[in-house]
Amino acid sequence: MDFKPKKSILHLSNECSELGMQTINLGIGDMEEIIEIIRKWIERQPHFKSKNFSTNYLKMSILGAKGSIERVKNLLDKSCTLRTLLPHYFQFSDRNSDLKELFEVVTPVILPNYSKDNARIFIMKFWSDIKKSSHLTELHKNSIRMIEYIMQVDNVSTMHMCVDLTNINVFDLVSKQNPFELKDVATITMGGYGTRVKGVHCITTSKYVDAFVALLKQVLSPKLISRIHVYRTWSELCDVLGKDVIPIEFGGNEKSIREIHDDWQDELSSEEFKKYLEERSKMCTDESLRPKDRFNDEYAGMPGSFRALSVD
């Protein structure tokens, strides 16, 4: 099951891809060998409703698992299982009207170019206060849809997460965000897709930033908590990630975040990508066919809030 983008919204560098593989001690031959092993394993999983994983999806999972075959198996199993246990996060709206009000207050994008340390950069820029909690749910679902896209087209699994809270009431945002929902989204992103978060960067001068950080600490592992950073201005973050890749509104040399967002929405709303998501929706599990001891060992306590699962 393959998806070919209609335009290149992500710059893909073979050099960055090879460097990423080198950091986890993988060569091209190693990657092909692991893919072959994983495909044979997938065919032996009776509870997978669909087994048609694309080659790029498997490559991204291998990078996310740092080359560990057992961790790749775990990621793929969780990816399918989470679709069964938390299906509402994967029910994406096709109607622009459903997202228009959301995108008036927040712009989510993954930037076209890599950071200084060869990772993707995910930005959520809040322009004004979120009007209702359901907007945050739609924002998270849209983010999952974007991760689906990069799993099919990208070549690096590391990412910096940037949240610009400059223009909003941070305490109001914290009060509207359900921590269990945020936990579910973190579980899907890191536990299901294998996204390796290199840093969580918050831009704000609000005195309530501690409340926002406290919210994140309820969701993230100790290792990721140590990677939370707070900045007063974008200029500080430009020094960290690279000025050339940051949108012009924030003092960088990249094109406008609005233009980047328009490019993303064109891709996500394309008929080709909709068909891809329709096929991906079949990649869940039939729990009646899963070996019971395996479910008990790996997923006990997970349905619903996933309080028992720590993601890294």
# chains A, B, ... in the order shown; residues from 1 in each chain; ligands from 1
$ residues_around --residues "A:Leu58" --least-positions-apart "2" --cutoff "9 Å" --atoms "only C-alpha atoms" --output "tab-separated table (two decimals) with N, CA and C atoms, in the first residue's frame"
chain	number	residue	atom	x	y	z
A	35	ILE	N	13.71	-5.47	6.92
A	35	ILE	CA	12.39	-5.36	6.28
A	35	ILE	C	11.89	-6.75	5.87
A	38	ILE	N	10.81	-8.59	9.00
A	38	ILE	CA	9.56	-8.04	9.55
A	38	ILE	C	8.36	-8.43	8.68
A	39	ARG	N	8.52	-8.44	7.39
A	39	ARG	CA	7.41	-8.84	6.51
A	39	ARG	C	6.99	-10.28	6.79
A	53	PHE	N	1.68	-3.31	4.79
A	53	PHE	CA	2.50	-2.17	5.17
A	53	PHE	C	3.42	-1.78	4.01
A	54	SER	N	3.52	-0.48	3.74
A	54	SER	CA	4.41	-0.03	2.68
A	54	SER	C	5.86	-0.17	3.13
A	55	THR	N	6.76	-0.21	2.15
A	55	THR	CA	8.18	-0.31	2.47
A	55	THR	C	8.65	0.90	3.26
A	56	ASN	N	8.18	2.11	2.89
A	56	ASN	CA	8.64	3.31	3.61
A	56	ASN	C	8.12	3.33	5.04
A	60	MET	N	10.53	3.65	8.27
A	60	MET	CA	10.36	4.65	9.33
A	60	MET	C	10.21	3.99	10.70
A	61	SER	N	9.52	2.85	10.74
A	61	SER	CA	9.36	2.12	12.00
A	61	SER	C	10.71	1.58	12.47
A	62	ILE	N	11.52	1.11	11.54
A	62	ILE	CA	12.85	0.60	11.89
A	62	ILE	C	13.72	1.73	12.44
A	63	LEU	N	13.66	2.90	11.81
A	63	LEU	CA	14.41	4.05	12.32
A	63	LEU	C	13.91	4.44	13.70
A	72	VAL	N	10.63	-3.02	16.55
A	72	VAL	CA	9.82	-2.78	15.35
A	72	VAL	C	8.53	-3.59	15.44
A	76	LEU	N	4.70	-1.95	15.41
A	76	LEU	CA	3.67	-2.32	14.44
A	76	LEU	C	2.45	-2.89	15.14
A	151	MET	N	5.09	9.17	7.79
A	151	MET	CA	5.46	7.75	7.85
A	151	MET	C	5.53	7.15	6.45
A	152	GLN	N	4.80	7.73	5.53
A	152	GLN	CA	4.77	7.20	4.17
A	152	GLN	C	5.80	7.85	3.24
$ residues_around --residues "stretch 209-212 of chain A" --least-positions-apart "2" --cutoff "7 Å" --atoms "only C-alpha atoms" --output "JSON, numbers by chain"
{"A": [170, 171, 174, 206, 207, 214, 215, 216]}
$ residues_around --residues "A:Asn14" --least-positions-apart "5" --cutoff "10 Å" --atoms "only C-alpha atoms" --output "list in words"
Leu19, Gly20 and Asn155 of chain A
$ closest_residue --among "A:Ile28, A:Leu224, A:Leu136, A:Ile34" --to "A:Asn178" --atoms "only C-alpha atoms"
A:Leu136
$ closest_residue --among "A:Leu82, A:Ile121, A:Val153, A:Val200" --to "A:Leu241" --atoms "only C-alpha atoms"
A:Ile121
$ select_by_dssp --residues "stretch 72-153 of chain A" --states "strand (DSSP E or B)" --output "number ranges by chain"
A: 106-110, 120-126
$ residues_around --residues "A:Thr107" --least-positions-apart "2" --cutoff "6 Å" --atoms "only C-alpha atoms" --output "MDAnalysis selection string"
chainID A and resid 103 124:125
$ write_last_selection --atoms "N, CA and C atoms" --output "PDB file, in the first residue's frame"
ATOM      1  N   PHE A 103      -8.291  26.344  12.490  1.00  0.00           N
ATOM      2  CA  PHE A 103      -7.099  26.934  11.882  1.00  0.00           C
ATOM      3  C   PHE A 103      -7.095  28.460  11.939  1.00  0.00           C
ATOM      4  N   MET A 124       3.385  24.234  16.433  1.00  0.00           N
ATOM      5  CA  MET A 124       2.002  24.621  16.679  1.00  0.00           C
ATOM      6  C   MET A 124       2.016  26.081  17.118  1.00  0.00           C
ATOM      7  N   LYS A 125       1.549  26.961  16.255  1.00  0.00           N
ATOM      8  CA  LYS A 125       1.500  28.381  16.555  1.00  0.00           C
ATOM      9  C   LYS A 125       0.075  28.775  16.906  1.00  0.00           C
TER      10      LYS A 125
END
$ closest_atom_pairs --of "stretch 104-214 of chain A" --to "stretch 247-264 of chain A" --cutoff "12 Å" --atoms "only C-alpha atoms" --output "CSV"
residue,atom,partner,partner_atom,distance
A:Glu104,CA,A:Arg258,CA,10.9
A:Val106,CA,A:His261,CA,10.5
A:Thr107,CA,A:His261,CA,6.9
A:Pro108,CA,A:His261,CA,7.0
A:Val109,CA,A:His261,CA,5.7
A:Ile110,CA,A:Ile260,CA,8.1
A:Leu111,CA,A:Ile260,CA,7.2
A:Pro112,CA,A:Ile260,CA,7.8
A:Asn113,CA,A:Glu254,CA,8.7
A:Tyr114,CA,A:Glu254,CA,11.4
A:Ser115,CA,A:Glu254,CA,11.8
A:Ile121,CA,A:Pro247,CA,11.1
A:Phe122,CA,A:Ile257,CA,11.2
A:Ile123,CA,A:Ile257,CA,9.0
A:Met124,CA,A:Ile257,CA,10.0
A:Lys125,CA,A:Ile257,CA,8.9
A:Phe126,CA,A:Ile257,CA,11.9
A:Trp127,CA,A:Arg258,CA,11.8
A:Asn142,CA,A:Trp264,CA,10.7
A:Ser143,CA,A:Trp264,CA,11.1
A:Arg145,CA,A:Trp264,CA,10.6
A:Met146,CA,A:Trp264,CA,8.3
A:Ile147,CA,A:Trp264,CA,11.7
A:Tyr149,CA,A:Trp264,CA,9.7
A:Ile150,CA,A:Trp264,CA,11.1
A:Asp164,CA,A:Phe250,CA,10.0
A:Thr166,CA,A:Phe250,CA,11.4
A:Ile203,CA,A:Phe250,CA,10.8
$ write_last_selection --atoms "N, CA and C atoms" --output "PDB file, in the first residue's frame"
ATOM      1  N   GLU A 104      -8.183  29.049  12.371  1.00  0.00           N
ATOM      2  CA  GLU A 104      -8.191  30.489  12.614  1.00  0.00           C
ATOM      3  C   GLU A 104      -7.429  30.849  13.882  1.00  0.00           C
ATOM      4  N   VAL A 106      -5.073  28.412  15.450  1.00  0.00           N
ATOM      5  CA  VAL A 106      -3.804  27.691  15.589  1.00  0.00           C
ATOM      6  C   VAL A 106      -3.362  27.184  14.217  1.00  0.00           C
ATOM      7  N   THR A 107      -2.063  27.253  13.971  1.00  0.00           N
ATOM      8  CA  THR A 107      -1.488  26.759  12.715  1.00  0.00           C
ATOM      9  C   THR A 107      -0.488  25.652  13.027  1.00  0.00           C
ATOM     10  N   PRO A 108      -0.824  24.399  12.695  1.00  0.00           N
ATOM     11  CA  PRO A 108       0.115  23.291  12.888  1.00  0.00           C
ATOM     12  C   PRO A 108       0.833  22.954  11.584  1.00  0.00           C
ATOM     13  N   VAL A 109       2.151  22.888  11.612  1.00  0.00           N
ATOM     14  CA  VAL A 109       2.929  22.530  10.422  1.00  0.00           C
ATOM     15  C   VAL A 109       4.139  21.693  10.815  1.00  0.00           C
ATOM     16  N   ILE A 110       4.602  20.887   9.868  1.00  0.00           N
ATOM     17  CA  ILE A 110       5.932  20.294   9.935  1.00  0.00           C
ATOM     18  C   ILE A 110       6.748  21.015   8.875  1.00  0.00           C
ATOM     19  N   LEU A 111       7.850  21.614   9.260  1.00  0.00           N
ATOM     20  CA  LEU A 111       8.614  22.467   8.351  1.00  0.00           C
ATOM     21  C   LEU A 111       9.258  21.654   7.223  1.00  0.00           C
ATOM     22  N   PRO A 112       9.472  22.288   6.079  1.00  0.00           N
ATOM     23  CA  PRO A 112      10.010  21.576   4.915  1.00  0.00           C
ATOM     24  C   PRO A 112      11.419  21.032   5.113  1.00  0.00           C
ATOM     25  N   ASN A 113      12.253  21.753   5.867  1.00  0.00           N
ATOM     26  CA  ASN A 113      13.664  21.376   5.979  1.00  0.00           C
ATOM     27  C   ASN A 113      14.034  20.872   7.368  1.00  0.00           C
ATOM     28  N   TYR A 114      15.138  20.161   7.431  1.00  0.00           N
ATOM     29  CA  TYR A 114      15.613  19.574   8.680  1.00  0.00           C
ATOM     30  C   TYR A 114      16.218  20.641   9.596  1.00  0.00           C
ATOM     31  N   SER A 115      16.228  20.337  10.874  1.00  0.00           N
ATOM     32  CA  SER A 115      16.905  21.187  11.851  1.00  0.00           C
ATOM     33  C   SER A 115      18.414  21.005  11.731  1.00  0.00           C
ATOM     34  N   ILE A 121      10.882  19.394  12.286  1.00  0.00           N
ATOM     35  CA  ILE A 121      10.426  20.396  13.248  1.00  0.00           C
ATOM     36  C   ILE A 121       8.919  20.558  13.114  1.00  0.00           C
ATOM     37  N   PHE A 122       8.207  20.216  14.156  1.00  0.00           N
ATOM     38  CA  PHE A 122       6.743  20.354  14.202  1.00  0.00           C
ATOM     39  C   PHE A 122       6.420  21.619  15.001  1.00  0.00           C
ATOM     40  N   ILE A 123       5.700  22.542  14.376  1.00  0.00           N
ATOM     41  CA  ILE A 123       5.333  23.794  15.060  1.00  0.00           C
ATOM     42  C   ILE A 123       3.822  23.873  15.227  1.00  0.00           C
ATOM     43  N   MET A 124       3.385  24.234  16.433  1.00  0.00           N
ATOM     44  CA  MET A 124       2.002  24.621  16.679  1.00  0.00           C
ATOM     45  C   MET A 124       2.016  26.081  17.118  1.00  0.00           C
ATOM     46  N   LYS A 125       1.549  26.961  16.255  1.00  0.00           N
ATOM     47  CA  LYS A 125       1.500  28.381  16.555  1.00  0.00           C
ATOM     48  C   LYS A 125       0.075  28.775  16.906  1.00  0.00           C
ATOM     49  N   PHE A 126      -0.148  29.160  18.169  1.00  0.00           N
ATOM     50  CA  PHE A 126      -1.461  29.622  18.615  1.00  0.00           C
ATOM     51  C   PHE A 126      -1.539  31.136  18.413  1.00  0.00           C
ATOM     52  N   TRP A 127      -2.524  31.571  17.616  1.00  0.00           N
ATOM     53  CA  TRP A 127      -2.701  32.999  17.351  1.00  0.00           C
ATOM     54  C   TRP A 127      -3.635  33.653  18.358  1.00  0.00           C
ATOM     55  N   ASN A 142      -5.584  16.066  13.719  1.00  0.00           N
ATOM     56  CA  ASN A 142      -4.886  16.584  12.546  1.00  0.00           C
ATOM     57  C   ASN A 142      -3.387  16.292  12.628  1.00  0.00           C
ATOM     58  N   SER A 143      -2.832  16.374  13.830  1.00  0.00           N
ATOM     59  CA  SER A 143      -1.407  16.065  14.020  1.00  0.00           C
ATOM     60  C   SER A 143      -1.129  14.597  13.716  1.00  0.00           C
ATOM     61  N   ARG A 145      -2.817  12.767  11.666  1.00  0.00           N
ATOM     62  CA  ARG A 145      -2.916  12.656  10.210  1.00  0.00           C
ATOM     63  C   ARG A 145      -1.602  13.088   9.548  1.00  0.00           C
ATOM     64  N   MET A 146      -0.970  14.123  10.076  1.00  0.00           N
ATOM     65  CA  MET A 146       0.315  14.575   9.534  1.00  0.00           C
ATOM     66  C   MET A 146       1.415  13.535   9.769  1.00  0.00           C
ATOM     67  N   ILE A 147       1.385  12.889  10.926  1.00  0.00           N
ATOM     68  CA  ILE A 147       2.363  11.837  11.200  1.00  0.00           C
ATOM     69  C   ILE A 147       2.147  10.666  10.238  1.00  0.00           C
ATOM     70  N   TYR A 149       1.211  10.917   7.259  1.00  0.00           N
ATOM     71  CA  TYR A 149       1.809  11.358   5.998  1.00  0.00           C
ATOM     72  C   TYR A 149       3.322  11.145   6.004  1.00  0.00           C
ATOM     73  N   ILE A 150       3.995  11.591   7.054  1.00  0.00           N
ATOM     74  CA  ILE A 150       5.456  11.479   7.048  1.00  0.00           C
ATOM     75  C   ILE A 150       5.919  10.031   7.178  1.00  0.00           C
ATOM     76  N   ASP A 164       4.186  27.518  20.224  1.00  0.00           N
ATOM     77  CA  ASP A 164       4.258  28.969  20.423  1.00  0.00           C
ATOM     78  C   ASP A 164       2.990  29.438  21.129  1.00  0.00           C
ATOM     79  N   THR A 166       2.786  32.477  22.663  1.00  0.00           N
ATOM     80  CA  THR A 166       3.019  33.905  22.885  1.00  0.00           C
ATOM     81  C   THR A 166       1.741  34.721  22.967  1.00  0.00           C
ATOM     82  N   ILE A 203       7.483  28.491  23.594  1.00  0.00           N
ATOM     83  CA  ILE A 203       7.820  29.910  23.471  1.00  0.00           C
ATOM     84  C   ILE A 203       6.716  30.719  24.141  1.00  0.00           C
TER      85      ILE A 203
END
$ select_by_dssp --residues "stretch 78-214 of chain A" --states "alpha helix (DSSP H)" --output "JSON, numbers by chain"
{"A": [78, 79, 80, 81, 82, 83, 84, 85, 96, 97, 98, 99, 100, 101, 102, 103, 133, 134, 135, 136, 137, 138, 139, 140, 141, 142, 143, 144, 145, 146, 147, 148, 149, 150, 151, 152, 153, 170, 171, 172, 173, 174, 175, 176, 179, 180, 181, 182, 183, 184, 185, 186, 209, 210, 211, 212, 213, 214]}
$ closest_residue --among "A:Leu102, A:Met190, A:Ala65, A:Cys80" --to "A:Ser50" --atoms "only C-alpha atoms"
A:Cys80
$ closest_residue --among "A:Gly194, A:Gly29, A:Pro179, A:Gly64" --to "A:Lys78" --atoms "only C-alpha atoms"
A:Gly194
$ atom_distance --atom1 "atom CA of A:Leu85" --atom2 "atom CA of A:Met283"
12.4 Å
$ atom_distance --atom1 "atom CA of A:Pro291" --atom2 "atom CA of A:Asp184"
24.1 Å
$ closest_residue --among "A:Gly27, A:Arg196, A:Lys49, A:Thr205" --to "A:Arg280" --atoms "only C-alpha atoms"
A:Lys49
$ closest_residue --among "A:His47, A:Lys274, A:Lys141, A:Lys282" --to "A:Thr189" --atoms "only C-alpha atoms"
A:Lys141
